[in-house]
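Note: the block below is query.cif and it holds mmCIF, C-alpha atoms.
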```cif
data_run
#
loop_
_atom_site.label_atom_id
_atom_site.label_comp_id
_atom_site.auth_asym_id
_atom_site.auth_seq_id
_atom_site.Cartn_x
_atom_site.Cartn_y
_atom_site.Cartn_z
CA MET A 1 -41.80 182.61 3.05
CA PRO A 2 -42.84 182.38 6.75
CA LEU A 3 -39.98 181.69 9.17
CA TYR A 4 -40.38 179.73 12.41
CA THR A 5 -37.65 179.86 15.04
CA LEU A 6 -36.59 177.32 17.64
CA SER A 7 -38.06 179.41 20.45
CA GLN A 8 -41.44 179.50 18.67
CA ILE A 9 -41.35 175.74 18.08
CA GLU A 10 -40.47 175.13 21.73
CA SER A 11 -43.37 177.34 22.84
CA TRP A 12 -46.01 175.34 20.94
CA GLU A 13 -48.47 172.91 22.47
CA ARG A 14 -47.05 169.36 22.46
CA PHE A 15 -49.21 167.74 19.76
CA TYR A 16 -48.89 170.74 17.43
CA ARG A 17 -45.10 170.64 17.81
CA THR A 18 -44.96 166.87 17.32
CA ASN A 19 -47.00 167.05 14.11
CA PHE A 20 -44.83 169.88 12.79
CA VAL A 21 -41.44 168.33 13.54
CA ASN A 22 -42.54 164.88 12.35
CA SER A 23 -43.57 166.42 9.02
CA LEU A 24 -40.28 168.24 8.56
CA THR A 25 -38.36 164.99 8.27
CA GLY A 26 -40.37 164.24 5.13
CA PHE A 27 -42.01 161.06 3.89
CA LYS A 28 -40.93 158.04 5.90
CA SER A 29 -40.78 154.33 5.43
CA ILE A 30 -43.58 152.91 7.55
CA ASN A 31 -43.33 149.32 8.73
CA LEU A 32 -44.64 146.77 11.18
CA ILE A 33 -42.04 145.22 13.47
CA GLY A 34 -42.95 141.69 14.54
CA THR A 35 -41.49 140.17 17.71
CA VAL A 36 -42.11 137.43 20.23
CA ASN A 37 -41.15 137.02 23.88
CA ASN A 38 -39.59 133.95 25.48
CA HIS A 39 -43.05 132.58 26.30
CA GLY A 40 -44.21 132.68 22.67
CA GLN A 41 -46.37 135.80 23.08
CA THR A 42 -46.27 137.71 19.79
CA ASN A 43 -46.17 141.50 19.46
CA LEU A 44 -46.62 143.83 16.50
CA GLY A 45 -45.83 147.56 16.40
CA ILE A 46 -45.74 150.28 13.75
CA PHE A 47 -42.48 152.19 13.25
CA SER A 48 -41.64 155.10 10.96
CA SER A 49 -37.96 155.48 11.78
CA ILE A 50 -36.37 152.73 9.68
CA VAL A 51 -33.00 153.82 8.27
CA HIS A 52 -30.50 152.22 5.91
CA ILE A 53 -27.14 151.71 7.64
CA GLY A 54 -25.24 149.71 5.03
CA SER A 55 -25.55 147.12 2.25
CA ASN A 56 -22.46 144.96 2.92
CA PRO A 57 -23.13 143.64 5.46
CA PRO A 58 -26.85 144.41 5.05
CA LEU A 59 -27.59 146.49 8.16
CA ILE A 60 -30.87 148.25 8.89
CA GLY A 61 -31.59 150.48 11.86
CA TYR A 62 -34.56 152.05 13.55
CA ILE A 63 -34.95 154.61 16.32
CA ASN A 64 -36.66 153.23 19.43
CA ARG A 65 -38.30 155.67 21.82
CA PRO A 66 -36.97 155.85 25.39
CA ARG A 67 -37.20 152.52 27.22
CA LYS A 68 -39.70 153.82 29.75
CA ALA A 69 -42.09 154.91 26.95
CA ALA A 70 -41.84 151.91 24.63
CA THR A 71 -41.00 148.61 26.21
CA GLN A 72 -42.46 145.57 24.49
CA THR A 73 -40.89 145.53 21.03
CA LEU A 74 -37.40 146.28 22.30
CA ALA A 75 -37.67 143.91 25.27
CA ASN A 76 -38.69 141.09 22.91
CA ILE A 77 -35.87 141.89 20.48
CA GLU A 78 -33.36 141.79 23.31
CA ALA A 79 -34.80 138.55 24.73
CA VAL A 80 -34.93 136.63 21.44
CA GLY A 81 -32.23 138.47 19.44
CA MET A 82 -34.39 138.59 16.36
CA TYR A 83 -37.30 140.50 14.76
CA THR A 84 -39.10 141.04 11.47
CA ILE A 85 -39.77 144.22 9.47
CA ASN A 86 -42.86 144.13 7.25
CA HIS A 87 -43.87 146.70 4.62
CA ILE A 88 -47.45 147.96 4.80
CA GLN A 89 -49.78 147.88 1.80
CA PRO A 90 -53.07 149.83 1.51
CA SER A 91 -55.30 146.79 2.12
CA PHE A 92 -54.27 146.70 5.80
CA VAL A 93 -53.20 150.28 6.57
CA ASN A 94 -56.01 150.76 9.12
CA LYS A 95 -55.01 147.54 10.91
CA ALA A 96 -51.36 148.61 10.87
CA HIS A 97 -52.25 152.01 12.36
CA GLN A 98 -54.30 150.32 15.09
CA THR A 99 -51.19 148.47 16.37
CA SER A 100 -50.12 151.83 17.82
CA ALA A 101 -52.87 151.59 20.44
CA ASN A 102 -51.62 150.93 23.95
CA TYR A 103 -52.53 147.25 24.38
CA PRO A 104 -51.60 145.38 27.56
CA GLU A 105 -48.53 143.19 27.37
CA GLU A 106 -50.45 139.91 27.59
CA VAL A 107 -52.42 140.41 24.37
CA SER A 108 -51.03 140.22 20.85
CA GLU A 109 -51.59 143.10 18.46
CA PHE A 110 -51.87 140.48 15.69
CA ASP A 111 -55.10 139.20 17.29
CA GLN A 112 -56.40 142.59 18.30
CA VAL A 113 -56.10 144.25 14.88
CA GLY A 114 -56.72 141.18 12.71
CA LEU A 115 -53.37 140.51 11.08
CA THR A 116 -51.89 137.02 10.70
CA PRO A 117 -48.61 135.92 12.27
CA GLU A 118 -46.60 133.81 9.83
CA PHE A 119 -43.70 131.59 10.88
CA ILE A 120 -41.23 130.22 8.34
CA GLU A 121 -38.27 127.85 8.43
CA ASN A 122 -36.86 127.67 11.94
CA LEU A 123 -37.29 131.34 12.73
CA LYS A 124 -38.88 132.14 16.08
CA VAL A 125 -40.20 135.56 15.07
CA PRO A 126 -43.50 136.27 13.31
CA PHE A 127 -43.81 137.88 9.91
CA VAL A 128 -47.04 139.61 8.86
CA LYS A 129 -48.61 137.16 6.41
CA GLU A 130 -50.52 139.94 4.62
CA SER A 131 -47.32 141.87 3.76
CA ILE A 132 -45.68 141.19 0.38
CA ILE A 133 -42.24 142.62 1.29
CA LYS A 134 -40.73 141.54 4.62
CA TYR A 135 -37.48 140.46 6.19
CA ALA A 136 -36.08 139.02 9.40
CA LEU A 137 -33.12 140.53 11.23
CA SER A 138 -30.78 139.46 13.98
CA LEU A 139 -30.01 142.11 16.58
CA ILE A 140 -26.45 143.39 16.18
CA ASP A 141 -26.19 146.55 18.26
CA ILE A 142 -28.18 149.03 20.33
CA ILE A 143 -26.60 152.48 20.38
CA PRO A 144 -27.92 154.87 23.04
CA ILE A 145 -28.70 158.42 21.92
CA LYS A 146 -28.11 160.18 25.21
CA LEU A 147 -29.56 163.52 24.05
CA ASN A 148 -33.12 162.27 24.53
CA ASP A 149 -32.79 158.65 25.72
CA THR A 150 -33.81 157.18 22.37
CA LEU A 151 -31.90 154.20 20.94
CA LEU A 152 -30.59 153.29 17.51
CA VAL A 153 -31.37 149.57 17.15
CA ILE A 154 -29.38 147.88 14.38
CA GLY A 155 -30.10 144.49 12.84
CA LYS A 156 -28.47 142.37 10.16
CA ILE A 157 -30.73 140.77 7.56
CA ILE A 158 -31.27 137.04 8.06
CA CYS A 159 -33.63 136.49 5.14
CA VAL A 160 -36.07 138.32 2.87
CA GLN A 161 -39.48 137.36 1.49
CA ILE A 162 -40.76 139.34 -1.50
CA GLU A 163 -43.28 138.77 -4.24
CA SER A 164 -41.26 137.81 -7.30
CA ASN A 165 -42.81 140.23 -9.80
CA ILE A 166 -41.41 143.35 -8.16
CA LEU A 167 -37.68 142.42 -8.31
CA LEU A 168 -36.00 143.92 -11.36
CA ASN A 169 -32.88 142.46 -12.97
CA ASP A 170 -30.61 145.04 -11.30
CA GLY A 171 -31.75 144.20 -7.77
CA PHE A 172 -34.14 147.15 -7.52
CA LEU A 173 -37.58 146.51 -5.97
CA GLU A 174 -40.57 148.27 -7.54
CA LEU A 175 -42.12 149.33 -4.26
CA ASP A 176 -44.81 151.40 -5.98
CA LYS A 177 -46.04 148.32 -7.86
CA ALA A 178 -45.91 146.34 -4.61
CA GLY A 179 -48.11 149.04 -3.10
CA SER A 180 -45.80 149.65 -0.12
CA ILE A 181 -46.90 152.88 1.49
CA CYS A 182 -45.06 155.71 3.18
CA SER A 183 -46.07 158.02 6.00
CA ASN A 184 -45.85 161.62 7.14
CA GLY A 185 -46.22 163.00 10.63
CA ASN A 186 -47.83 160.73 13.18
CA ASP A 187 -50.93 159.61 11.36
CA ALA A 188 -50.89 160.14 7.55
CA TYR A 189 -50.31 157.40 4.98
CA TYR A 190 -49.58 157.68 1.25
CA THR A 191 -49.24 155.69 -1.94
CA THR A 192 -46.57 156.74 -4.43
CA SER A 193 -46.11 157.30 -8.16
CA LEU A 194 -42.74 156.97 -9.88
CA ILE A 195 -41.25 160.19 -11.29
CA GLY A 196 -38.25 158.34 -12.70
CA ARG A 197 -35.00 156.55 -12.05
CA TYR A 198 -31.85 158.46 -12.96
CA GLN A 199 -28.48 157.14 -14.10
CA TYR A 200 -25.46 157.25 -11.79
CA ALA A 201 -24.47 160.94 -11.76
CA LYS A 202 -21.12 162.11 -13.13
CA PRO A 203 -19.77 165.67 -13.27
CA GLY A 204 -20.65 167.53 -16.47
CA ILE A 205 -23.14 164.97 -17.75
CA VAL A 206 -26.89 165.59 -17.63
CA PRO A 207 -28.38 162.57 -15.82
CA GLU A 208 -30.67 160.53 -18.06
CA GLU A 209 -33.64 158.58 -16.88
CA ILE A 210 -33.30 154.81 -16.70
CA SER A 211 -35.99 153.37 -18.96
CA MET B 1 -43.21 133.70 -1.92
CA PRO B 2 -39.48 133.59 -2.91
CA LEU B 3 -37.05 133.59 0.02
CA TYR B 4 -33.57 135.14 -0.11
CA THR B 5 -31.03 134.32 2.58
CA LEU B 6 -28.14 136.36 3.95
CA SER B 7 -25.59 134.14 2.21
CA GLN B 8 -27.33 134.71 -1.14
CA ILE B 9 -27.44 138.46 -0.57
CA GLU B 10 -23.75 138.48 0.38
CA SER B 11 -22.88 136.56 -2.79
CA TRP B 12 -24.47 139.10 -5.13
CA GLU B 13 -22.62 141.63 -7.26
CA ARG B 14 -22.18 144.92 -5.39
CA PHE B 15 -24.62 147.13 -7.32
CA TYR B 16 -27.31 144.44 -7.38
CA ARG B 17 -26.99 144.00 -3.62
CA THR B 18 -26.98 147.76 -3.00
CA ASN B 19 -30.16 148.26 -5.05
CA PHE B 20 -31.87 145.36 -3.25
CA VAL B 21 -30.98 146.36 0.31
CA ASN B 22 -31.70 150.04 -0.35
CA SER B 23 -35.18 149.08 -1.56
CA LEU B 24 -35.93 146.93 1.48
CA THR B 25 -35.81 149.92 3.79
CA GLY B 26 -38.80 151.31 1.90
CA PHE B 27 -39.60 154.82 0.70
CA LYS B 28 -37.24 157.38 2.15
CA SER B 29 -37.24 161.08 2.79
CA ILE B 30 -34.90 162.55 0.19
CA ASN B 31 -33.28 165.90 0.89
CA LEU B 32 -30.50 168.26 -0.07
CA ILE B 33 -28.07 169.15 2.70
CA GLY B 34 -26.55 172.61 2.25
CA THR B 35 -23.23 173.50 3.89
CA VAL B 36 -20.35 175.95 3.62
CA ASN B 37 -16.71 175.75 4.64
CA ASN B 38 -14.75 178.37 6.57
CA HIS B 39 -13.70 180.06 3.32
CA GLY B 40 -17.30 180.57 2.17
CA GLN B 41 -17.26 177.72 -0.38
CA THR B 42 -20.78 176.26 -0.53
CA ASN B 43 -21.59 172.57 -0.92
CA LEU B 44 -24.83 170.71 -1.66
CA GLY B 45 -25.40 166.97 -1.36
CA ILE B 46 -28.38 164.61 -1.64
CA PHE B 47 -29.18 162.39 1.37
CA SER B 48 -31.84 159.71 1.82
CA SER B 49 -31.14 158.75 5.43
CA ILE B 50 -32.88 161.53 7.36
CA VAL B 51 -34.47 160.20 10.54
CA HIS B 52 -36.64 161.77 13.25
CA ILE B 53 -34.91 161.61 16.64
CA GLY B 54 -37.28 163.68 18.77
CA SER B 55 -39.68 166.62 18.82
CA ASN B 56 -38.81 168.26 22.15
CA PRO B 57 -36.10 169.32 21.66
CA PRO B 58 -36.56 169.09 17.87
CA LEU B 59 -33.72 166.74 16.87
CA ILE B 60 -33.18 165.33 13.38
CA GLY B 61 -30.50 162.85 12.39
CA TYR B 62 -28.97 161.46 9.23
CA ILE B 63 -26.56 158.64 8.52
CA ASN B 64 -23.27 159.81 6.99
CA ARG B 65 -21.20 157.32 5.04
CA PRO B 66 -17.69 156.51 6.35
CA ARG B 67 -15.45 159.58 6.55
CA LYS B 68 -13.06 158.31 3.90
CA ALA B 69 -15.93 157.89 1.39
CA ALA B 70 -17.85 161.11 2.03
CA THR B 71 -15.87 164.04 3.29
CA GLN B 72 -17.18 167.44 2.23
CA THR B 73 -20.62 167.72 3.80
CA LEU B 74 -19.50 166.37 7.16
CA ALA B 75 -16.26 168.36 7.20
CA ASN B 76 -18.23 171.55 6.55
CA ILE B 77 -20.78 170.72 9.24
CA GLU B 78 -18.00 170.13 11.75
CA ALA B 79 -16.16 173.31 10.74
CA VAL B 80 -19.17 175.64 10.85
CA GLY B 81 -21.43 173.76 13.29
CA MET B 82 -24.48 174.32 11.14
CA TYR B 83 -26.27 173.03 8.01
CA THR B 84 -29.57 173.14 6.16
CA ILE B 85 -31.95 170.36 5.09
CA ASN B 86 -34.10 171.15 2.04
CA HIS B 87 -37.01 169.08 0.71
CA ILE B 88 -36.95 168.28 -3.00
CA GLN B 89 -39.88 169.05 -5.31
CA PRO B 90 -40.36 167.60 -8.82
CA SER B 91 -39.33 170.80 -10.64
CA PHE B 92 -35.69 170.27 -9.62
CA VAL B 93 -35.40 166.52 -9.02
CA ASN B 94 -32.89 166.08 -11.87
CA LYS B 95 -30.71 168.87 -10.45
CA ALA B 96 -30.94 167.36 -6.98
CA HIS B 97 -29.90 163.94 -8.29
CA GLN B 98 -26.95 165.50 -10.11
CA THR B 99 -25.48 166.76 -6.80
CA SER B 100 -24.49 163.13 -6.16
CA ALA B 101 -21.81 163.38 -8.89
CA ASN B 102 -18.27 163.41 -7.54
CA TYR B 103 -17.36 167.09 -7.97
CA PRO B 104 -13.99 168.41 -6.81
CA GLU B 105 -13.94 170.19 -3.47
CA GLU B 106 -13.25 173.63 -4.96
CA VAL B 107 -16.49 173.81 -6.98
CA SER B 108 -19.98 174.27 -5.57
CA GLU B 109 -22.72 171.82 -6.50
CA PHE B 110 -25.11 174.80 -6.44
CA ASP B 111 -23.31 176.27 -9.47
CA GLN B 112 -22.73 172.96 -11.20
CA VAL B 113 -26.33 171.75 -11.12
CA GLY B 114 -28.08 175.12 -11.34
CA LEU B 115 -29.66 175.56 -7.94
CA THR B 116 -29.62 178.85 -6.02
CA PRO B 117 -27.97 179.30 -2.61
CA GLU B 118 -30.14 181.42 -0.34
CA PHE B 119 -28.85 183.08 2.82
CA ILE B 120 -31.24 184.46 5.45
CA GLU B 121 -30.91 186.41 8.67
CA ASN B 122 -27.43 185.96 10.11
CA LEU B 123 -27.10 182.28 9.21
CA LYS B 124 -23.85 181.27 7.53
CA VAL B 125 -25.27 178.22 5.78
CA PRO B 126 -27.05 178.16 2.40
CA PHE B 127 -30.64 177.06 1.90
CA VAL B 128 -31.84 175.92 -1.53
CA LYS B 129 -33.93 178.86 -2.78
CA GLU B 130 -36.03 176.59 -5.02
CA SER B 131 -37.18 174.39 -2.10
CA ILE B 132 -40.46 175.29 -0.39
CA ILE B 133 -39.80 173.32 2.85
CA LYS B 134 -36.40 173.76 4.47
CA TYR B 135 -34.75 174.21 7.84
CA ALA B 136 -31.42 175.01 9.42
CA LEU B 137 -29.84 172.91 12.15
CA SER B 138 -27.01 173.30 14.62
CA LEU B 139 -24.78 170.27 15.02
CA ILE B 140 -25.41 168.61 18.39
CA ASP B 141 -23.75 165.20 18.24
CA ILE B 142 -21.98 162.75 15.93
CA ILE B 143 -22.40 159.14 17.06
CA PRO B 144 -20.05 156.60 15.45
CA ILE B 145 -21.60 153.35 14.22
CA LYS B 146 -18.57 151.12 14.57
CA LEU B 147 -20.11 148.19 12.69
CA ASN B 148 -19.42 149.81 9.32
CA ASP B 149 -17.78 153.17 10.13
CA THR B 150 -20.91 155.19 9.32
CA LEU B 151 -21.96 158.05 11.58
CA LEU B 152 -25.27 159.22 13.00
CA VAL B 153 -25.14 163.02 12.72
CA ILE B 154 -27.72 164.79 14.92
CA GLY B 155 -28.79 168.41 14.63
CA LYS B 156 -31.21 170.64 16.52
CA ILE B 157 -33.53 172.85 14.51
CA ILE B 158 -32.55 176.53 14.44
CA CYS B 159 -35.35 177.74 12.17
CA VAL B 160 -37.79 176.54 9.53
CA GLN B 161 -38.99 178.11 6.27
CA ILE B 162 -42.18 176.72 4.75
CA GLU B 163 -44.79 177.96 2.33
CA SER B 164 -47.71 179.04 4.46
CA ASN B 165 -50.49 177.19 2.62
CA ILE B 166 -49.29 173.72 3.61
CA LEU B 167 -49.38 174.18 7.41
CA LEU B 168 -52.63 172.88 8.90
CA ASN B 169 -54.09 174.12 12.16
CA ASP B 170 -52.79 171.08 14.10
CA GLY B 171 -49.15 171.60 13.06
CA PHE B 172 -49.26 168.97 10.31
CA LEU B 173 -47.58 169.85 6.99
CA GLU B 174 -49.33 168.70 3.79
CA LEU B 175 -46.18 167.42 2.11
CA ASP B 176 -48.11 165.96 -0.82
CA LYS B 177 -49.56 169.38 -1.63
CA ALA B 178 -46.10 170.90 -1.26
CA GLY B 179 -44.91 168.32 -3.78
CA SER B 180 -42.08 167.04 -1.59
CA ILE B 181 -40.86 163.81 -3.10
CA CYS B 182 -39.57 160.56 -1.64
CA SER B 183 -37.05 158.06 -2.95
CA ASN B 184 -36.39 154.34 -3.19
CA GLY B 185 -33.10 152.58 -3.74
CA ASN B 186 -30.26 154.70 -5.05
CA ASP B 187 -31.88 156.43 -7.97
CA ALA B 188 -35.71 156.40 -7.99
CA TYR B 189 -37.93 159.35 -7.05
CA TYR B 190 -41.67 159.46 -6.36
CA THR B 191 -44.58 161.79 -5.78
CA THR B 192 -47.23 160.73 -3.25
CA SER B 193 -51.01 160.60 -2.85
CA LEU B 194 -52.73 160.72 0.53
CA ILE B 195 -54.56 157.55 1.59
CA GLY B 196 -55.75 159.17 4.80
CA ARG B 197 -54.96 160.41 8.26
CA TYR B 198 -56.14 158.26 11.15
CA GLN B 199 -57.16 159.28 14.65
CA TYR B 200 -54.94 158.46 17.62
CA ALA B 201 -55.39 154.71 18.13
CA LYS B 202 -56.95 153.31 21.29
CA PRO B 203 -57.57 149.65 22.19
CA GLY B 204 -60.95 148.36 21.08
CA ILE B 205 -61.88 151.38 18.94
CA VAL B 206 -61.78 151.22 15.14
CA PRO B 207 -59.58 154.16 14.06
CA GLU B 208 -61.49 156.74 12.05
CA GLU B 209 -60.04 158.89 9.34
CA ILE B 210 -59.38 162.53 10.17
CA SER B 211 -61.38 164.59 7.70
#
```
Can the structure from this file be put into C-alpha cells for me?
Amino acid sequence: MPLYTLSQIESWERFYRTNFVNSLTGFKSINLIGTVNNHGQTNLGIFSSIVHIGSNPPLIGYINRPRKAATQTLANIEAVGMYTINHIQPSFVNKAHQTSANYPEEVSEFDQVGLTPEFIENLKVPFVKESIIKYALSLIDIIPIKLNDTLLVIGKIICVQIESNILLNDGFLELDKAGSICSNGNDAYYTTSLIGRYQYAKPGIVPEEIS
Amino acid sequence: MPLYTLSQIESWERFYRTNFVNSLTGFKSINLIGTVNNHGQTNLGIFSSIVHIGSNPPLIGYINRPRKAATQTLANIEAVGMYTINHIQPSFVNKAHQTSANYPEEVSEFDQVGLTPEFIENLKVPFVKESIIKYALSLIDIIPIKLNDTLLVIGKIICVQIESNILLNDGFLELDKAGSICSNGNDAYYTTSLIGRYQYAKPGIVPEEIS
C-alpha cells in the first residue's frame, strides 16, 4: 500500500494538501451555523467540524478557524452568546455550500443563498427553516488551540427542534431517514445507508444487531 | 415541529439522553485508534470524535473521555508519544464495534476481536492491517476541557497509508469508494453515497458540481 510521509505532505501544493488531509479525518457532520449580531443582521455559515463533547450536560463543540480568517460567525456568537446548528438535507445542499462564499459583513447569507431564517420562542438567533433537525446553543467556553490559532467553541443545548417521525423510543434519531447528509474534504456531500446498529459490546460476546 | 428543551433533556434517563445528544451532532467519522504500551502490549479502541484541526501542519484531534473513565488508549499515547488512526470498512464493522467492550488491560483488543496488528518501518505503534486508509500521528498536545473533564488530544501526521486507487489528482480521497463508514449515536454504522462535489463558492455565482 502506498506510504506518504509528513515531509511529502508538507511539500505539496496548498489545495492538494488541504483536500488530502481533510479526507483523512473521514466523513464529517456538516451543518449550518446560524447567528445574528447586535443590530439584528443575520449570518449563516457551513461548518464540518462539529464534535460531541458530552451528553450530561449536553455540550457540543466545533473548531473555528483563526480569528483573522473567519470573523463573522464567532463575533456574533460572542456578542449574543447564542447560536443555532442546523443539519443539511439534500434539497438545499447547493444553497448550504454557497454560504461558504466570502460575502461582505452587511449582507445575510440567508438572503444571498435563498434559505429562510426562522425565529422561535424568545430566542434571538435564527434557525434554518428548511432544516428538519436543528438546535440552539448558549456559548459556554472558547478554548484556544495555540498550535495553529484555531479555537474550540463549546455550547450547551438550549432547545432542539426535530421532525417527530425520526425519534425512536430509545432516544436515537434516524438521521438517514431524515436525510441529514455528511461531508468529506472541502466540497463533497453524501447521503447514507444504515449498515446496522449493534448491541452494547461486552467481552466474549459476539455483538448482535439491534433490530 | 416538536420542541425539546434543556430541562426536558436533563430529565431523561441516561441512555435515552446519550442516544439523543449523540445523534444531534450528526454523522461522525468512526475510527479505530491503535496504541501500544511500553511493554509492547497493543490496544485498539473505537472513537467517533475525530476532528480536523488544520492542514498545514497536518493536525488531527479527538475528544477523549475523562481519564477515570477511559484510561488505556490515552495512557499508551502519553507513554509512547504516538498512535494510529484507522478507517473502518464494512467487512470488519462488527469487529470494530466489539473493541468497545471493557477488556482487561492485559489483553489486546486486536486478539480478542480478530483484527491484525500491522507494524511498518520503524514505527512502534500498530496499524489495523484490514483497514485501507490509515495514518500514524505523534502526540503534540492534550488540551483539558474543564467543563466535563474530557480532553482534546491533538496529533501531527507522521505518515499515511492508503490504497492508491482512491486518491484523485487534486488530493481528494474517494472515501465512498474505499468503503469507509460513518456512525451515528453510540451504535449505528453507515455506508455513504456521493451527492456531488461543488466548486469553490464565490458570491453571486451558482456553484457548479465538479465532474
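Going from atom CA of B:Val125 over to atom CA of B:Asn86, you cover 11.9 Å.
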Selected residue, from A:Phe127, A:Tyr189, A:Phe172, A:Phe20, that lies nearest to A:Thr84 when counting only C-alpha atoms: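 Residue with the minimum atom-to-atom distance to A:Thr84: A:Phe127.
Each of B:Gly114, B:Gly185, B:Gly26, B:Pro58 was checked against A:Val206 using all atoms listed in the file; the smallest atom-to-atom distance is that of B:Gly114.
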Atom pair atom CA of A:Asn169 / atom CA of B:Ser11: separation (Å):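 Atom CA of B:Ser11 lies at a distance of 15.4 Å from atom CA of A:Asn169.
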Reference answer for the PyMOL selection byres ((chain A and resi 93-97) around 7), as a PyMOL selection string: (chain A and resi 32+46+88-92+98-100+113-114) or (chain B and resi 207)
Shell of 6 Å around B:Gln161, all atoms listed in the file, local chain residues under 5 positions omitted, as a PyMOL selection string: (chain A and resi 2-3) or (chain B and resi 133-135)
Pick from A:Ser108, A:Asn64, A:Asn76, A:Ser55 nearest to chain B, counting only C-alpha atoms: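 Comparing A:Ser108, A:Asn64, A:Asn76, A:Ser55 against chain B, the winner is A:Ser55.
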Which of B:Ile166, B:Leu123, B:Leu173, B:Ile77 sits closest to chain A [using only C-alpha atoms]: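 Nearest candidate to chain A out of B:Ile166, B:Leu123, B:Leu173, B:Ile77: B:Leu173.
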Å distance separating atom CA of B:Lys146 from atom CA of A:Ile142, one decimal place: 11.4 Å
Selected residue, from A:Gly81, A:Gly34, A:Pro57, A:Gly40, that lies nearest to chain B when counting all atoms listed in the file: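 Of A:Gly81, A:Gly34, A:Pro57, A:Gly40, the one nearest chain B, counting all atoms listed in the file, is A:Pro57.
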Point (-32.4, 163.9, 0.1) neighbourhood (9 Å, all atoms listed in the file) written as a PyMOL selection string: chain B and resi 28-33+45-50+85-88+96-97+182-183
